[in-house]
Amino acid sequence: MDILKLITSQLGDGAIAKLSDITGESPEKTGNAVQLAVPTLLNALNNNSNSSEGAAGILGALDRDHDGSILDDVMGFLANSDGSDGNGILKHLLGDKRGAVESGLSQKAGISSESMSKILAMLAPIIMGYLGKQKKENSINSSGGISDLLTSVVGGLSGGNSSVGLDIGDILGMLGDGGNQRSSGGGGILGTLGKLFGK
């Protein structure tokens, strides 16, 4: 299953249009930005889950705040969110790399870094909600289970995004620590590091 397509299909055209209104970017560019943002956030979560402390933190956040109910009314969330929840998530996931990640993704999507920042902040709680739903449906109650879930989810990502020319390796290069990813094989997700900033 292509997890990227699954999540973006759940967002739908209405959500893309709403994000376009929020950022002032065209729907086409906004759609491209979403296609970049979803795997970036999932890979960042996977990075964090590689340590027992990080996995426990994600498990706790899902238990407290992200049960998947956000997916029942994505449009309502987008219409009423001020981005604070998402910004808090991004602070934990990206830390001081956030600016570099936003800059790299915005160049690929052809939008401003400010717009990409807003899109990431809006999508972060939705991604967490998706994971919270998966956690509940699969009765996951341990840090190891969360780590395994994220490994599986990232493994479901397509190896590249032809519409915007981004390989998942580019994302790992921006996030750093790509060599510690728990996945099989050296290509695709693990293959090329730092392409965006090496050009």
# chains A, B, ... in the order shown; residues from 1 in each chain; ligands from 1

call {"tool": "residues_around", "arguments": {"residues": "Asp67 of chain A", "least_positions_apart": "2", "cutoff": "6 Å", "atoms": "only C-alpha atoms", "output": "PyMOL selection string"}}
result
chain A and resi 69+129+132-133

call {"tool": "write_last_selection", "arguments": {"atoms": "C-alpha atoms", "output": "JSON list (two decimals), in the first residue's frame"}}
result
[["chain", "number", "residue", "atom", "x", "y", "z"],
["A", 69, "SER", "CA", -10.78, 11.80, 15.50],
["A", 129, "GLY", "CA", -4.09, 11.62, 13.94],
["A", 132, "GLY", "CA", -3.23, 7.50, 16.37],
["A", 133, "LYS", "CA", -5.94, 5.78, 14.37]]

call {"tool": "closest_residue", "arguments": {"among": "A:Ser52, A:Ser103, A:Thr30, A:Ser112", "to": "Ala15 of chain A", "atoms": "only C-alpha atoms"}}
result
A:Thr30

call {"tool": "residues_around", "arguments": {"residues": "Asp85 of chain A", "least_positions_apart": "2", "cutoff": "10 Å", "atoms": "only C-alpha atoms", "output": "PyMOL selection string"}}
result
chain A and resi 65+81-83+87-90+121-122+124-125

call {"tool": "atom_distance", "arguments": {"atom1": "atom CA of Ser139 of chain A", "atom2": "atom CA of Asn43 of chain A"}}
result
22.2 Å

call {"tool": "closest_residue", "arguments": {"among": "A:Ser26, A:Ser152, A:Ser20, A:Ser142", "to": "Ile58 of chain A", "atoms": "only C-alpha atoms"}}
result
A:Ser142

call {"tool": "atom_distance", "arguments": {"atom1": "atom CA of His66 of chain A", "atom2": "atom CA of Met128 of chain A"}}
result
6.0 Å

call {"tool": "residues_around", "arguments": {"residues": "Ala109 of chain A", "least_positions_apart": "2", "cutoff": "12 Å", "atoms": "only C-alpha atoms", "output": "PyMOL selection string"}}
result
chain A and resi 25-37+102-107+111-113+115-116+119+161+163-166

call {"tool": "write_last_selection", "arguments": {"atoms": "C-alpha atoms", "output": "mmCIF file, in the first residue's frame"}}
result
data_model
loop_
_atom_site.group_PDB
_atom_site.id
_atom_site.type_symbol
_atom_site.label_atom_id
_atom_site.label_comp_id
_atom_site.auth_asym_id
_atom_site.auth_seq_id
_atom_site.Cartn_x
_atom_site.Cartn_y
_atom_site.Cartn_z
ATOM 1 C CA GLU A 25 -0.398 29.601 -3.231
ATOM 2 C CA SER A 26 -2.019 27.961 -6.264
ATOM 3 C CA PRO A 27 -3.853 24.653 -5.701
ATOM 4 C CA GLU A 28 -1.355 22.881 -7.973
ATOM 5 C CA LYS A 29 1.666 24.108 -6.022
ATOM 6 C CA THR A 30 -0.107 23.453 -2.744
ATOM 7 C CA GLY A 31 -0.796 19.895 -3.847
ATOM 8 C CA ASN A 32 2.875 19.441 -4.698
ATOM 9 C CA ALA A 33 3.824 20.826 -1.294
ATOM 10 C CA VAL A 34 1.521 18.327 0.439
ATOM 11 C CA GLN A 35 3.068 15.478 -1.570
ATOM 12 C CA LEU A 36 6.430 16.580 -0.171
ATOM 13 C CA ALA A 37 5.302 17.358 3.362
ATOM 14 C CA GLU A 102 11.196 24.186 4.920
ATOM 15 C CA SER A 103 13.622 25.959 2.609
ATOM 16 C CA GLY A 104 14.484 22.789 0.712
ATOM 17 C CA LEU A 105 10.881 21.654 0.376
ATOM 18 C CA SER A 106 9.650 25.105 -0.638
ATOM 19 C CA GLN A 107 12.200 25.248 -3.460
ATOM 20 C CA ILE A 111 6.317 28.095 -3.000
ATOM 21 C CA SER A 112 7.634 30.376 -0.268
ATOM 22 C CA SER A 113 9.246 29.004 2.873
ATOM 23 C CA SER A 115 3.832 28.881 2.936
ATOM 24 C CA MET A 116 5.632 25.570 3.390
ATOM 25 C CA ILE A 119 1.447 23.602 5.350
ATOM 26 C CA ASN A 161 7.598 11.552 -6.329
ATOM 27 C CA SER A 163 5.576 15.040 -10.140
ATOM 28 C CA VAL A 164 8.069 17.129 -8.201
ATOM 29 C CA GLY A 165 11.235 15.089 -8.718
ATOM 30 C CA LEU A 166 11.866 14.325 -5.052
#

call {"tool": "residues_around", "arguments": {"residues": "Ala44 of chain A", "least_positions_apart": "2", "cutoff": "8 Å", "atoms": "only C-alpha atoms", "output": "list in words"}}
result
Thr40, Leu41, Leu42, Asn46, Asn47, Asn48, Leu93, Leu94 and Leu175 of chain A

call {"tool": "atom_distance", "arguments": {"atom1": "atom CA of Gly60 of chain A", "atom2": "atom CA of Glu114 of chain A"}}
result
29.6 Å

call {"tool": "residues_around", "arguments": {"residues": "Val74 of chain A", "least_positions_apart": "5", "cutoff": "12 Å", "atoms": "only C-alpha atoms", "output": "PyMOL selection string"}}
result
chain A and resi 7-16+18-19+68-69+79-81+122-123+125-127+129-130

call {"tool": "select_by_dssp", "arguments": {"residues": "segment 93-169 of chain A", "states": "helix (DSSP H, G or I)", "output": "PyMOL selection string"}}
result
chain A and resi 93-109+113-137+143-155+168-169

call {"tool": "closest_residue", "arguments": {"among": "A:Ser117, A:Asp148, A:Val153, A:Gln134", "to": "Lys91 of chain A", "atoms": "only C-alpha atoms"}}
result
A:Ser117

call {"tool": "residues_around", "arguments": {"residues": "Gly145 of chain A", "least_positions_apart": "5", "cutoff": "12 Å", "atoms": "only C-alpha atoms", "output": "PyMOL selection string"}}
result
chain A and resi 49-50+52+55-56+58-59+131+134-136+138-140+150-152
